[in-house]
file input_23.pdb (PDB, C-alpha atoms and all ligand atoms)
ATOM      1  CA  MET W 139      13.436  15.669  17.107
ATOM      2  CA  ASP W 140      10.437  17.758  16.029
ATOM      3  CA  PHE W 141       7.591  15.758  14.506
ATOM      4  CA  THR W 142       5.273  18.693  13.721
ATOM      5  CA  ASN W 143       5.381  17.975   9.993
ATOM      6  CA  TRP W 144       4.399  14.366  10.678
ATOM      7  CA  LEU W 145       1.360  15.495  12.706
ATOM      8  CA  GLY W 146       3.156  14.545  15.933
ATOM      9  CA  LYS W 147       3.834  10.941  14.936
ATOM     10  CA  PRO W 148       7.422   9.620  14.815
ATOM     11  CA  TYR W 149       7.063   8.593  11.187
ATOM     12  CA  ASN W 150       5.959  10.073   7.884
ATOM     13  CA  SER W 151       2.445   8.665   7.712
ATOM     14  CA  LEU W 152       0.167   8.835   4.692
ATOM     15  CA  ASN W 153      -2.157  11.165   6.610
ATOM     16  CA  ALA W 154       0.680  13.589   7.325
ATOM     17  CA  TYR W 155       1.789  13.496   3.695
ATOM     18  CA  LEU W 156      -1.740  14.168   2.413
ATOM     19  CA  LYS W 157      -2.311  17.017   4.849
ATOM     20  CA  ASN W 158       1.032  18.614   3.970
ATOM     21  CA  THR W 159       0.552  18.142   0.234
ATOM     22  CA  TYR W 160      -3.182  18.601  -0.340
ATOM     23  CA  GLY W 161      -4.077  20.608   2.739
ATOM     24  CA  GLU W 162      -6.629  18.025   3.927
ATOM     25  CA  LYS W 163      -7.234  14.385   4.712
ATOM     26  CA  LEU W 164      -8.228  12.288   1.715
ATOM     27  CA  TYR W 165     -10.443   9.208   2.114
ATOM     28  CA  LYS W 166      -9.860   5.932   0.336
ATOM     29  CA  ILE W 167     -12.578   4.157  -1.597
ATOM     30  CA  ALA W 168     -11.540   0.602  -2.494
ATOM     31  CA  VAL W 169     -13.070  -0.674  -5.721
ATOM     32  CA  ASP W 170     -13.181  -4.054  -7.421
ATOM     33  CA  ALA W 171     -12.736  -3.548 -11.174
ATOM     34  CA  GLY W 172     -13.672  -7.165 -11.908
ATOM     35  CA  LEU W 173     -10.156  -8.110 -12.969
ATOM     36  CA  THR W 174      -8.265 -11.303 -12.191
ATOM     37  CA  CYS W 175      -4.609 -12.185 -11.613
ATOM     38  CA  PRO W 176      -2.080 -14.341 -13.492
ATOM     39  CA  ASN W 177      -1.697 -16.307 -10.282
ATOM     40  CA  ARG W 178      -5.409 -17.129 -10.408
ATOM     41  CA  ASP W 179      -6.439 -17.433 -14.044
ATOM     42  CA  GLY W 180      -3.994 -20.208 -14.957
ATOM     43  CA  LYS W 181      -1.292 -18.113 -16.630
ATOM     44  CA  LEU W 182       1.066 -18.665 -13.690
ATOM     45  CA  GLY W 183      -1.161 -20.661 -11.368
ATOM     46  CA  THR W 184      -4.712 -21.135 -10.158
ATOM     47  CA  ARG W 185      -4.419 -21.136  -6.371
ATOM     48  CA  GLY W 186      -3.048 -17.612  -5.953
ATOM     49  CA  CYS W 187      -0.386 -16.520  -3.504
ATOM     50  CA  ILE W 188      -0.471 -18.723  -0.429
ATOM     51  CA  PHE W 189      -1.915 -15.951   1.779
ATOM     52  CA  CYS W 190      -4.356 -14.399  -0.701
ATOM     53  CA  SER W 191      -8.042 -14.433   0.189
ATOM     54  CA  LYS W 192     -10.799 -15.327  -2.255
ATOM     55  CA  GLY W 193     -11.434 -11.603  -2.777
ATOM     56  CA  GLY W 194      -7.929 -11.199  -4.231
ATOM     57  CA  SER W 195      -6.734  -9.128  -1.255
ATOM     58  CA  GLY W 196      -9.546  -6.683  -1.963
ATOM     59  CA  ASP W 197     -12.065  -7.722   0.674
ATOM     60  CA  PHE W 198     -13.036  -4.155   1.582
ATOM     61  CA  ALA W 199     -13.899  -3.173  -1.982
ATOM     62  CA  VAL W 200     -17.388  -1.800  -2.555
ATOM     63  CA  LYS W 201     -19.081  -4.288  -4.870
ATOM     64  CA  GLY W 202     -21.143  -2.937  -7.742
ATOM     65  CA  LYS W 203     -21.760  -3.171 -11.441
ATOM     66  CA  SER W 204     -19.354  -0.546 -12.678
ATOM     67  CA  VAL W 205     -16.458   1.423 -11.302
ATOM     68  CA  THR W 206     -18.580   4.598 -11.514
ATOM     69  CA  GLU W 207     -21.309   2.987  -9.396
ATOM     70  CA  GLN W 208     -18.778   1.814  -6.862
ATOM     71  CA  ILE W 209     -17.284   5.307  -6.622
ATOM     72  CA  LYS W 210     -20.790   6.772  -6.223
ATOM     73  CA  ALA W 211     -21.636   4.283  -3.464
ATOM     74  CA  GLY W 212     -18.294   4.947  -1.749
ATOM     75  CA  VAL W 213     -18.684   8.733  -1.920
ATOM     76  CA  GLU W 214     -22.246   8.543  -0.531
ATOM     77  CA  LYS W 215     -20.953   6.884   2.629
ATOM     78  CA  PHE W 216     -19.240  10.136   3.572
ATOM     79  CA  ASP W 217     -20.811  13.390   4.661
ATOM     80  CA  LYS W 218     -20.984  15.490   1.521
ATOM     81  CA  LYS W 219     -21.358  18.708   3.514
ATOM     82  CA  ILE W 220     -17.719  18.398   4.577
ATOM     83  CA  GLY W 221     -16.699  18.328   0.920
ATOM     84  CA  ASN W 222     -14.490  15.247   1.229
ATOM     85  CA  LYS W 223     -11.983  14.364  -1.453
ATOM     86  CA  PHE W 224     -11.166  10.768  -2.264
ATOM     87  CA  ILE W 225      -8.478   8.361  -3.430
ATOM     88  CA  ILE W 226      -9.901   5.588  -5.578
ATOM     89  CA  TYR W 227      -8.033   2.446  -4.670
ATOM     90  CA  PHE W 228      -8.119  -0.258  -7.344
ATOM     91  CA  GLN W 229      -7.437  -2.943  -4.815
ATOM     92  CA  ALA W 230      -8.832  -6.377  -5.661
ATOM     93  CA  PHE W 231      -6.619  -8.736  -7.700
ATOM     94  CA  THR W 232      -4.186  -7.323 -10.324
ATOM     95  CA  ASN W 233      -5.386  -3.998 -11.631
ATOM     96  CA  THR W 234      -3.089  -3.619 -14.632
ATOM     97  CA  TYR W 235      -3.904  -7.114 -15.892
ATOM     98  CA  GLY W 236      -6.700  -6.646 -18.397
ATOM     99  CA  ASP W 237      -7.697  -5.275 -21.763
ATOM    100  CA  ILE W 238      -5.897  -1.973 -22.247
ATOM    101  CA  GLU W 239      -9.019  -0.113 -23.440
ATOM    102  CA  TYR W 240     -10.939  -1.339 -20.392
ATOM    103  CA  LEU W 241      -8.115  -0.118 -18.124
ATOM    104  CA  ARG W 242      -8.132   3.246 -19.916
ATOM    105  CA  ARG W 243     -11.891   3.523 -19.366
ATOM    106  CA  ILE W 244     -11.934   2.674 -15.650
ATOM    107  CA  TRP W 245      -8.912   4.791 -14.717
ATOM    108  CA  THR W 246     -10.252   7.722 -16.756
ATOM    109  CA  GLU W 247     -13.677   7.337 -15.117
ATOM    110  CA  ALA W 248     -12.106   7.531 -11.680
ATOM    111  CA  LEU W 249      -9.737  10.410 -12.485
ATOM    112  CA  SER W 250     -12.545  12.427 -14.102
ATOM    113  CA  HIS W 251     -14.757  12.339 -10.995
ATOM    114  CA  LYS W 252     -14.910  15.817  -9.478
ATOM    115  CA  ASP W 253     -14.413  14.598  -5.896
ATOM    116  CA  VAL W 254     -11.490  12.319  -6.699
ATOM    117  CA  ALA W 255      -8.005  13.644  -5.894
ATOM    118  CA  GLY W 256      -6.187  10.675  -7.381
ATOM    119  CA  ILE W 257      -6.074   6.936  -7.925
ATOM    120  CA  SER W 258      -3.947   4.168  -6.496
ATOM    121  CA  ILE W 259      -3.572   1.011  -8.575
ATOM    122  CA  ALA W 260      -2.571  -2.248  -6.877
ATOM    123  CA  THR W 261      -0.715  -4.651  -9.118
ATOM    124  CA  ARG W 262       2.148  -7.105  -9.570
ATOM    125  CA  PRO W 263       5.531  -5.927 -10.913
ATOM    126  CA  ASP W 264       5.279  -8.506 -13.738
ATOM    127  CA  CYS W 265       2.055  -6.912 -15.003
ATOM    128  CA  LEU W 266       3.410  -3.583 -16.209
ATOM    129  CA  SER W 267       3.541  -4.138 -19.954
ATOM    130  CA  ASP W 268       4.771  -1.447 -22.351
ATOM    131  CA  GLU W 269       1.115  -0.767 -23.207
ATOM    132  CA  VAL W 270       0.250  -0.185 -19.555
ATOM    133  CA  ILE W 271       3.286   2.053 -19.051
ATOM    134  CA  GLY W 272       2.281   4.012 -22.168
ATOM    135  CA  LEU W 273      -1.254   4.442 -20.848
ATOM    136  CA  LEU W 274      -0.028   5.591 -17.438
ATOM    137  CA  ARG W 275       2.196   8.154 -19.158
ATOM    138  CA  GLU W 276      -0.746   9.444 -21.229
ATOM    139  CA  LEU W 277      -3.063   9.731 -18.220
ATOM    140  CA  LYS W 278      -0.372  11.444 -16.224
ATOM    141  CA  ILE W 279      -0.059  14.132 -18.913
ATOM    142  CA  GLU W 280      -3.855  14.496 -19.096
ATOM    143  CA  PHE W 281      -4.715  14.591 -15.378
ATOM    144  CA  CYS W 282      -1.653  15.227 -13.243
ATOM    145  CA  SER W 283      -0.424  18.775 -13.808
ATOM    146  CA  SER W 284       1.992  19.555 -11.037
ATOM    147  CA  SER W 285       1.135  23.157 -10.256
ATOM    148  CA  VAL W 286       1.282  24.271  -6.637
ATOM    149  CA  LYS W 287      -1.078  26.692  -4.914
ATOM    150  CA  ASN W 288      -0.080  28.687  -1.807
ATOM    151  CA  ILE W 289      -2.897  28.646   0.760
ATOM    152  CA  PRO W 290      -2.874  30.847   3.892
ATOM    153  CA  VAL W 291      -3.607  28.821   7.045
ATOM    154  CA  SER W 292      -3.158  31.645   9.560
ATOM    155  CA  GLU W 293      -2.248  35.310   9.520
ATOM    156  CA  THR W 294       1.437  34.453   9.426
ATOM    157  CA  ASP W 295       1.658  30.999   7.854
ATOM    158  CA  SER W 296       0.729  29.389   4.580
ATOM    159  CA  ILE W 297       1.190  25.976   3.002
ATOM    160  CA  ASP W 298       1.983  24.925  -0.540
ATOM    161  CA  VAL W 299      -0.773  22.626  -1.773
ATOM    162  CA  ALA W 300      -0.510  20.506  -4.915
ATOM    163  CA  GLU W 301      -3.174  20.883  -7.585
ATOM    164  CA  GLY W 302      -3.903  18.346 -10.278
ATOM    165  CA  LYS W 303      -4.596  14.675  -9.713
ATOM    166  CA  PHE W 304      -2.216  11.853  -8.926
ATOM    167  CA  ILE W 305      -1.690   8.282 -10.072
ATOM    168  CA  TRP W 306       0.107   5.882  -7.750
ATOM    169  CA  ILE W 307       1.067   2.278  -8.405
ATOM    170  CA  GLU W 308       1.131  -0.234  -5.534
ATOM    171  CA  LEU W 309       3.555  -3.107  -6.091
ATOM    172  CA  GLY W 310       3.105  -6.378  -4.206
ATOM    173  CA  LEU W 311       6.686  -7.429  -3.509
ATOM    174  CA  GLN W 312       6.318  -8.886   0.027
ATOM    175  CA  THR W 313       9.963 -10.036   0.299
ATOM    176  CA  ILE W 314      13.265  -9.865  -1.573
ATOM    177  CA  HIS W 315      14.140 -13.463  -0.645
ATOM    178  CA  GLU W 316      13.664 -15.902  -3.533
ATOM    179  CA  LYS W 317      13.137 -18.897  -1.258
ATOM    180  CA  THR W 318      10.256 -17.194   0.545
ATOM    181  CA  ALA W 319       8.908 -15.904  -2.778
ATOM    182  CA  GLU W 320       8.743 -19.496  -4.020
ATOM    183  CA  TYR W 321       7.073 -20.657  -0.826
ATOM    184  CA  ILE W 322       4.369 -18.002  -1.044
ATOM    185  CA  ARG W 323       4.004 -18.700  -4.817
ATOM    186  CA  ARG W 324       4.603 -15.081  -5.765
ATOM    187  CA  GLY W 325       5.465 -16.123  -9.285
ATOM    188  CA  TYR W 326       8.286 -13.773 -10.292
ATOM    189  CA  PRO W 327      11.926 -13.182  -9.266
ATOM    190  CA  LEU W 328      13.274 -10.018  -7.663
ATOM    191  CA  ALA W 329      14.764  -8.808 -10.974
ATOM    192  CA  VAL W 330      11.197  -8.245 -12.226
ATOM    193  CA  TYR W 331      10.533  -5.866  -9.346
ATOM    194  CA  ASP W 332      13.755  -3.964 -10.138
ATOM    195  CA  ASP W 333      12.651  -3.632 -13.741
ATOM    196  CA  ALA W 334       9.148  -2.415 -12.782
ATOM    197  CA  VAL W 335      10.578   0.218 -10.464
ATOM    198  CA  LYS W 336      12.844   1.498 -13.218
ATOM    199  CA  LYS W 337       9.956   1.736 -15.701
ATOM    200  CA  LEU W 338       7.841   3.682 -13.210
ATOM    201  CA  ASP W 339      10.723   5.977 -12.278
ATOM    202  CA  ASP W 340      11.310   6.662 -15.983
ATOM    203  CA  ILE W 341       7.753   7.951 -16.472
ATOM    204  CA  GLY W 342       7.609   9.672 -13.078
ATOM    205  CA  ILE W 343       4.791   7.611 -11.598
ATOM    206  CA  PRO W 344       5.180   7.271  -7.820
ATOM    207  CA  TYR W 345       5.003   3.741  -6.485
ATOM    208  CA  ILE W 346       4.350   2.164  -3.119
ATOM    209  CA  THR W 347       5.956  -1.178  -2.298
ATOM    210  CA  HIS W 348       4.041  -3.687  -0.193
ATOM    211  CA  ILE W 349       6.123  -5.733   2.246
ATOM    212  CA  ILE W 350       4.759  -8.509   4.460
ATOM    213  CA  LEU W 351       6.298  -8.856   7.917
ATOM    214  CA  GLY W 352       6.172 -12.246   9.596
ATOM    215  CA  LEU W 353       6.251 -14.495   6.533
ATOM    216  CA  PRO W 354       6.895 -18.138   7.526
ATOM    217  CA  PHE W 355      10.563 -19.049   8.035
ATOM    218  CA  GLU W 356      11.820 -15.458   7.629
ATOM    219  CA  THR W 357      14.091 -14.118  10.377
ATOM    220  CA  LYS W 358      14.151 -10.538  11.580
ATOM    221  CA  ASP W 359      17.395  -9.989   9.655
ATOM    222  CA  MET W 360      15.790 -11.217   6.445
ATOM    223  CA  MET W 361      12.874  -8.825   6.885
ATOM    224  CA  LEU W 362      15.235  -5.929   7.564
ATOM    225  CA  GLU W 363      17.188  -6.850   4.431
ATOM    226  CA  THR W 364      13.966  -6.484   2.462
ATOM    227  CA  ILE W 365      13.313  -3.099   4.059
ATOM    228  CA  ARG W 366      16.806  -1.808   3.297
ATOM    229  CA  TYR W 367      16.659  -3.055  -0.266
ATOM    230  CA  VAL W 368      13.310  -1.422  -0.979
ATOM    231  CA  ASN W 369      14.402   1.756   0.782
ATOM    232  CA  SER W 370      17.524   1.931  -1.414
ATOM    233  CA  LYS W 371      15.272   2.241  -4.491
ATOM    234  CA  LYS W 372      13.813   5.494  -3.090
ATOM    235  CA  PRO W 373      10.135   4.602  -3.419
ATOM    236  CA  PHE W 374       7.384   7.155  -2.869
ATOM    237  CA  GLY W 375       5.864   4.900  -0.211
ATOM    238  CA  ILE W 376       6.091   1.642   1.690
ATOM    239  CA  LYS W 377       3.222  -0.398   3.097
ATOM    240  CA  LEU W 378       4.173  -2.610   6.030
ATOM    241  CA  GLN W 379       1.676  -5.406   6.316
ATOM    242  CA  LEU W 380       1.589  -7.905   9.155
ATOM    243  CA  LEU W 381       1.099 -11.436   7.822
ATOM    244  CA  HIS W 382      -2.521 -12.403   8.249
ATOM    245  CA  VAL W 383      -3.732 -15.970   8.166
ATOM    246  CA  LEU W 384      -7.150 -15.823   6.492
ATOM    247  CA  GLU W 385      -9.863 -18.462   6.059
ATOM    248  CA  ASP W 386      -9.889 -20.491   2.860
ATOM    249  CA  THR W 387      -6.228 -19.968   2.057
ATOM    250  CA  ASP W 388      -3.471 -22.563   1.765
ATOM    251  CA  LEU W 389      -1.616 -20.589   4.409
ATOM    252  CA  ALA W 390      -4.449 -21.352   6.838
ATOM    253  CA  ASP W 391      -4.050 -25.093   6.235
ATOM    254  CA  GLU W 392      -0.329 -24.903   6.941
ATOM    255  CA  TYR W 393      -0.896 -22.775  10.028
ATOM    256  CA  ARG W 394      -3.434 -25.257  11.383
ATOM    257  CA  CYS W 395      -0.922 -28.083  10.802
ATOM    258  CA  GLY W 396       1.517 -26.163  13.011
ATOM    259  CA  MET W 397       4.047 -25.548  10.252
ATOM    260  CA  PHE W 398       4.778 -22.007  11.422
ATOM    261  CA  GLU W 399       3.855 -19.488  14.104
ATOM    262  CA  VAL W 400       2.581 -15.952  13.708
ATOM    263  CA  LEU W 401       4.135 -12.932  15.412
ATOM    264  CA  ASP W 402       2.917 -11.771  18.816
ATOM    265  CA  LEU W 403       2.123  -8.108  19.403
ATOM    266  CA  GLU W 404       5.368  -7.273  21.233
ATOM    267  CA  SER W 405       7.581  -8.858  18.568
ATOM    268  CA  TYR W 406       5.647  -7.104  15.830
ATOM    269  CA  ILE W 407       5.969  -3.701  17.497
ATOM    270  CA  SER W 408       9.754  -4.112  17.933
ATOM    271  CA  LEU W 409      10.075  -5.245  14.338
ATOM    272  CA  VAL W 410       8.067  -2.342  12.919
ATOM    273  CA  ILE W 411      10.137   0.114  14.929
ATOM    274  CA  GLU W 412      13.377  -1.307  13.501
ATOM    275  CA  CYS W 413      11.895  -1.207  10.021
ATOM    276  CA  LEU W 414      10.878   2.443  10.387
ATOM    277  CA  GLU W 415      14.301   3.389  11.714
ATOM    278  CA  ASN W 416      15.779   1.955   8.504
ATOM    279  CA  ILE W 417      13.468   3.812   6.116
ATOM    280  CA  ASN W 418      14.358   7.275   4.814
ATOM    281  CA  PRO W 419      12.210  10.013   6.348
ATOM    282  CA  GLU W 420      11.025  11.128   2.880
ATOM    283  CA  VAL W 421       9.360   7.774   2.203
ATOM    284  CA  VAL W 422       5.640   7.888   3.008
ATOM    285  CA  ILE W 423       4.486   5.073   5.288
ATOM    286  CA  HIS W 424       1.130   3.943   3.954
ATOM    287  CA  ARG W 425       0.524   1.276   6.571
ATOM    288  CA  VAL W 426       2.137  -0.104   9.704
ATOM    289  CA  THR W 427      -0.338  -2.815  10.656
ATOM    290  CA  GLY W 428      -2.378  -5.549   9.095
ATOM    291  CA  ASP W 429      -5.776  -4.566   7.834
ATOM    292  CA  GLY W 430      -7.475  -7.886   7.131
ATOM    293  CA  PRO W 431     -11.228  -8.456   7.348
ATOM    294  CA  LYS W 432     -11.986  -9.628  10.903
ATOM    295  CA  LYS W 433     -14.627 -12.140   9.868
ATOM    296  CA  ILE W 434     -12.086 -14.285   8.000
ATOM    297  CA  LEU W 435      -9.056 -13.555  10.192
ATOM    298  CA  ILE W 436      -7.670 -16.694  11.846
ATOM    299  CA  ALA W 437      -4.401 -15.315  13.239
ATOM    300  CA  PRO W 438      -2.946 -13.277  14.769
ATOM    301  CA  THR W 439      -6.206 -12.253  16.463
ATOM    302  CA  TRP W 440      -4.604  -9.366  18.375
ATOM    303  CA  SER W 441      -4.237  -7.554  15.045
ATOM    304  CA  GLY W 442      -8.025  -7.090  14.929
ATOM    305  CA  ASP W 443      -7.632  -4.274  17.477
ATOM    306  CA  LYS W 444      -5.922  -1.805  15.172
ATOM    307  CA  LYS W 445      -6.255   1.093  17.590
ATOM    308  CA  LYS W 446      -4.411  -0.820  20.297
ATOM    309  CA  VAL W 447      -1.643  -1.809  17.874
ATOM    310  CA  LEU W 448      -1.132   1.797  16.755
ATOM    311  CA  ASN W 449      -1.278   3.186  20.300
ATOM    312  CA  THR W 450       1.274   0.614  21.470
ATOM    313  CA  LEU W 451       3.552   1.432  18.550
ATOM    314  CA  HIS W 452       3.423   5.184  19.116
ATOM    315  CA  LYS W 453       3.934   4.824  22.890
ATOM    316  CA  ARG W 454       6.884   2.465  22.474
ATOM    317  CA  MET W 455       8.543   4.695  19.866
ATOM    318  CA  LYS W 456       8.223   7.658  22.194
ATOM    319  CA  GLU W 457       9.730   5.717  25.107
ATOM    320  CA  LEU W 458      12.655   4.555  22.985
ATOM    321  CA  GLY W 459      13.221   7.867  21.200
ATOM    322  CA  ALA W 460      12.729   5.978  17.946
ATOM    323  CA  TYR W 461      11.741   7.647  14.681
ATOM    324  CA  GLN W 462      11.673   6.957  10.967
ATOM    325  CA  GLY W 463      15.086   7.237   9.388
ATOM    326  CA  LYS W 464      17.006   7.170  12.687
ATOM    327  CA  PHE W 465      19.514   4.706  11.213
ATOM    328  CA  CYS W 466      19.558   6.084   7.665
ATOM    329  CA  LYS W 467      22.510   7.985   6.293
ATOM    330  CA  ARG W 468      21.503  11.572   5.494
TER     331      ARG W 468
HETATM  332  S1  LIG I 501      -0.770 -11.427  -6.905
HETATM  333 FE1  LIG I 501      -2.215 -10.431  -5.514
HETATM  334  S2  LIG I 501      -4.247 -10.955  -6.259
HETATM  335 FE2  LIG I 501      -2.787 -12.350  -7.241
HETATM  336  S3  LIG I 501      -2.836 -14.141  -5.951
HETATM  337 FE3  LIG I 501      -1.128 -12.886  -5.241
HETATM  338  S4  LIG I 501      -1.975 -11.574  -3.619
HETATM  339 FE4  LIG I 501      -3.698 -12.495  -4.747
END
call {"tool": "encode", "arguments": {"input": "input_23.pdb", "output": "structure tokens", "more": "lines below"}}
Ligand code: SF4
result
Amino acid sequence: MDFTNWLGKPYNSLNAYLKNTYGEKLYKIAVDAGLTCPNRDGKLGTRGCIFCSKGGSGDFAVKGKSVTEQIKAGVEKFDKKIGNKFIIYFQAFTNTYGDIEYLRRIWTEALSHKDVAGISIATRPDCLSDEVIGLLRELKIEFCSSSVKNIPVSETDSIDVAEGKFIWIELGLQTIHEKTAEYIRRGYPLAVYDDAVKKLDDIGIPYITHIILGLPFETKDMMLETIRYVNSKKPFGIKLQLLHVLEDTDLADEYRCGMFEVLDLESYISLVIECLENINPEVVIHRVTGDGPKKILIAPTWSGDKKKVLNTLHKRMKELGAYQGKFCKR
């Protein structure tokens, strides 16, 4: 198996996709648009999903007064001489849950920035109203022309690089199992996810599905069922997130009472490998580890060493001859 297109890794990572599509690495700037979530503001609940931190799963977002200021602050962190391009990640809380004109303004602000290649909008599948879908369609027409430029990279080779900006939607599904969904207080049934995916497919907006591995009381088979189900929908991307127990969450209370155990490194690595083997090679893998803020991470503590987790994963996949899509029908 030749992994040249995947930059030598045995799976189709986001970095490989960006390099192959845009000719360079893009850097993510997480922003907090000051929105809330129906699981927080009382519409569905006030305590949020059982694992969600106070920052609405957006703890790395640059805080600031406006989205423009946050983008400016994020861009300034990088070396401008290199001419970096960025993905603006609307990460904290539910980023399609707000006044439609406000959403239009912040997404347009981000897409209009000269150094921004595209935006990624984290949301819940039950927060894609017809108005939001209409707005996404409009912005897609305005900003995302799909022309392709051929760039020479050596005397003999060239790559096709996409021009125009992109809009991605990130859907927090976590699991397909209704019992787990109730336990984590997700607040919507699987049919809502199916509906959201269809709406996004209809307007041609790529989506990334978030899945949590290691949710309490889920077996390996249940997690693989979630992977296969999501994979069958042909998403643009999948984010595999290790369950993190964070301070000030209800999950932390249950963990401290001994109600469940978290995964150890070895079990997680084996699980991720099986997941990757069941995902089509075309699907872009946006994450294979947890990425929680260390200062509020209670467990599993080994996940704080991201480099070690990734190195172990890559080494083990090489030893086993494992690769993304190994068990998928072509
Ligand atoms: S939907 Fe997202 S932001 Fe809202 S409570 Fe759940 S994890 Fe937190």
call {"tool": "closest_residue", "arguments": {"input": "input_23.pdb", "among": "W:Asp179, W:Glu239, W:Glu363, W:Glu276", "to": "ligand LIG 501 (chain I)", "atoms": "all atoms listed in the file"}}
result
W:Asp179
call {"tool": "residues_near_ligand", "arguments": {"input": "input_23.pdb", "ligand": "ligand LIG 501 (chain I)", "cutoff": "7 Å", "atoms": "only C-alpha atoms and all ligand atoms", "output": "list in words"}}
result
Cys175, Pro176, Asn177, Arg178, Gly186, Cys187, Phe189, Cys190, Ser191, Gly194, Ser195, Ala230, Phe231, Thr232, Thr261, Arg262, Gly310 and Arg324 of chain W
call {"tool": "closest_residue", "arguments": {"input": "input_23.pdb", "among": "W:Glu269, W:Glu420, W:Asp339, W:Asp391", "to": "Trp306 (chain W)", "atoms": "only C-alpha atoms"}}
result
W:Asp339
call {"tool": "residues_around", "arguments": {"input": "input_23.pdb", "residues": "Phe281 (chain W)", "least_positions_apart": "2", "cutoff": "12 Å", "atoms": "all atoms listed in the file", "output": "PyMOL selection string"}}
result
chain W and resi 245-252+254-257+274-279+283-285+301-305
call {"tool": "write_last_selection", "arguments": {"input": "input_23.pdb", "atoms": "C-alpha atoms", "output": "PDB file, keeping the file's coordinate frame"}}
result
ATOM      1  CA  TRP W 245      -8.912   4.791 -14.717  1.00  0.00           C
ATOM      2  CA  THR W 246     -10.252   7.722 -16.756  1.00  0.00           C
ATOM      3  CA  GLU W 247     -13.677   7.337 -15.117  1.00  0.00           C
ATOM      4  CA  ALA W 248     -12.106   7.531 -11.680  1.00  0.00           C
ATOM      5  CA  LEU W 249      -9.737  10.410 -12.485  1.00  0.00           C
ATOM      6  CA  SER W 250     -12.545  12.427 -14.102  1.00  0.00           C
ATOM      7  CA  HIS W 251     -14.757  12.339 -10.995  1.00  0.00           C
ATOM      8  CA  LYS W 252     -14.910  15.817  -9.478  1.00  0.00           C
ATOM      9  CA  VAL W 254     -11.490  12.319  -6.699  1.00  0.00           C
ATOM     10  CA  ALA W 255      -8.005  13.644  -5.894  1.00  0.00           C
ATOM     11  CA  GLY W 256      -6.187  10.675  -7.381  1.00  0.00           C
ATOM     12  CA  ILE W 257      -6.074   6.936  -7.925  1.00  0.00           C
ATOM     13  CA  LEU W 274      -0.028   5.591 -17.438  1.00  0.00           C
ATOM     14  CA  ARG W 275       2.196   8.154 -19.158  1.00  0.00           C
ATOM     15  CA  GLU W 276      -0.746   9.444 -21.229  1.00  0.00           C
ATOM     16  CA  LEU W 277      -3.063   9.731 -18.220  1.00  0.00           C
ATOM     17  CA  LYS W 278      -0.372  11.444 -16.224  1.00  0.00           C
ATOM     18  CA  ILE W 279      -0.059  14.132 -18.913  1.00  0.00           C
ATOM     19  CA  SER W 283      -0.424  18.775 -13.808  1.00  0.00           C
ATOM     20  CA  SER W 284       1.992  19.555 -11.037  1.00  0.00           C
ATOM     21  CA  SER W 285       1.135  23.157 -10.256  1.00  0.00           C
ATOM     22  CA  GLU W 301      -3.174  20.883  -7.585  1.00  0.00           C
ATOM     23  CA  GLY W 302      -3.903  18.346 -10.278  1.00  0.00           C
ATOM     24  CA  LYS W 303      -4.596  14.675  -9.713  1.00  0.00           C
ATOM     25  CA  PHE W 304      -2.216  11.853  -8.926  1.00  0.00           C
ATOM     26  CA  ILE W 305      -1.690   8.282 -10.072  1.00  0.00           C
TER      27      ILE W 305
END
call {"tool": "residues_near_point", "arguments": {"input": "input_23.pdb", "point": "(4.6, 0.4, 18.4)", "cutoff": "10 Å", "atoms": "all atoms listed in the file", "output": "PyMOL selection string"}}
result
chain W and resi 403-411+426-427+446-457+460
call {"tool": "atom_distance", "arguments": {"input": "input_23.pdb", "atom1": "CA of Lys372 (chain W)", "atom2": "CA of Pro419 (chain W)"}}
result
10.6 Å
call {"tool": "residues_around", "arguments": {"input": "input_23.pdb", "residues": "Met139 (chain W)", "least_positions_apart": "5", "cutoff": "9 Å", "atoms": "only C-alpha atoms", "output": "number ranges by chain"}}
result
W: 148, 459, 461
call {"tool": "resolve_selection", "arguments": {"input": "input_23.pdb", "expression": "the PyMOL selection byres (((chain W and resi 365) around 9) and not hetatm)", "output": "list in words"}}
result
Thr313, Ile314, Ile349, Met360, Met361, Leu362, Glu363, Thr364, Arg366, Tyr367, Val368, Asn369, Ser370, Ile376, Cys413, Leu414, Asn416 and Ile417 of chain W
call {"tool": "closest_residue", "arguments": {"input": "input_23.pdb", "among": "W:Ile322, W:Gly396, W:Ala211, W:Glu415", "to": "Cys466 (chain W)", "atoms": "all atoms listed in the file"}}
result
W:Glu415
call {"tool": "residues_near_point", "arguments": {"input": "input_23.pdb", "point": "(-5.0, 7.8, -1.4)", "cutoff": "8 Å", "atoms": "only C-alpha atoms", "output": "list in words"}}
result
Leu164, Tyr165, Lys166, Phe224, Ile225, Ile226, Tyr227, Ala255, Gly256, Ile257 and Ser258 of chain W
call {"tool": "residues_around", "arguments": {"input": "input_23.pdb", "residues": "Asn150 (chain W)", "least_positions_apart": "2", "cutoff": "10 Å", "atoms": "only C-alpha atoms", "output": "number ranges by chain"}}
result
W: 141, 143-148, 152-155, 375, 414, 417-424, 461-463
call {"tool": "atom_distance", "arguments": {"input": "input_23.pdb", "atom1": "CA of Asp340 (chain W)", "atom2": "CA of Ala171 (chain W)"}}
result
26.6 Å
call {"tool": "atom_distance", "arguments": {"input": "input_23.pdb", "atom1": "CA of Glu280 (chain W)", "atom2": "CA of Phe374 (chain W)"}}
result
21.1 Å
call {"tool": "residues_around", "arguments": {"input": "input_23.pdb", "residues": "Pro354 (chain W)", "least_positions_apart": "4", "cutoff": "10 Å", "atoms": "all atoms listed in the file", "output": "PyMOL selection string"}}
result
chain W and resi 318+321-322+381+389+392-393+397-401
call {"tool": "closest_residue", "arguments": {"input": "input_23.pdb", "among": "W:Lys371, W:Lys467, W:His382, W:Arg243", "to": "Ala437 (chain W)", "atoms": "only C-alpha atoms"}}
result
W:His382
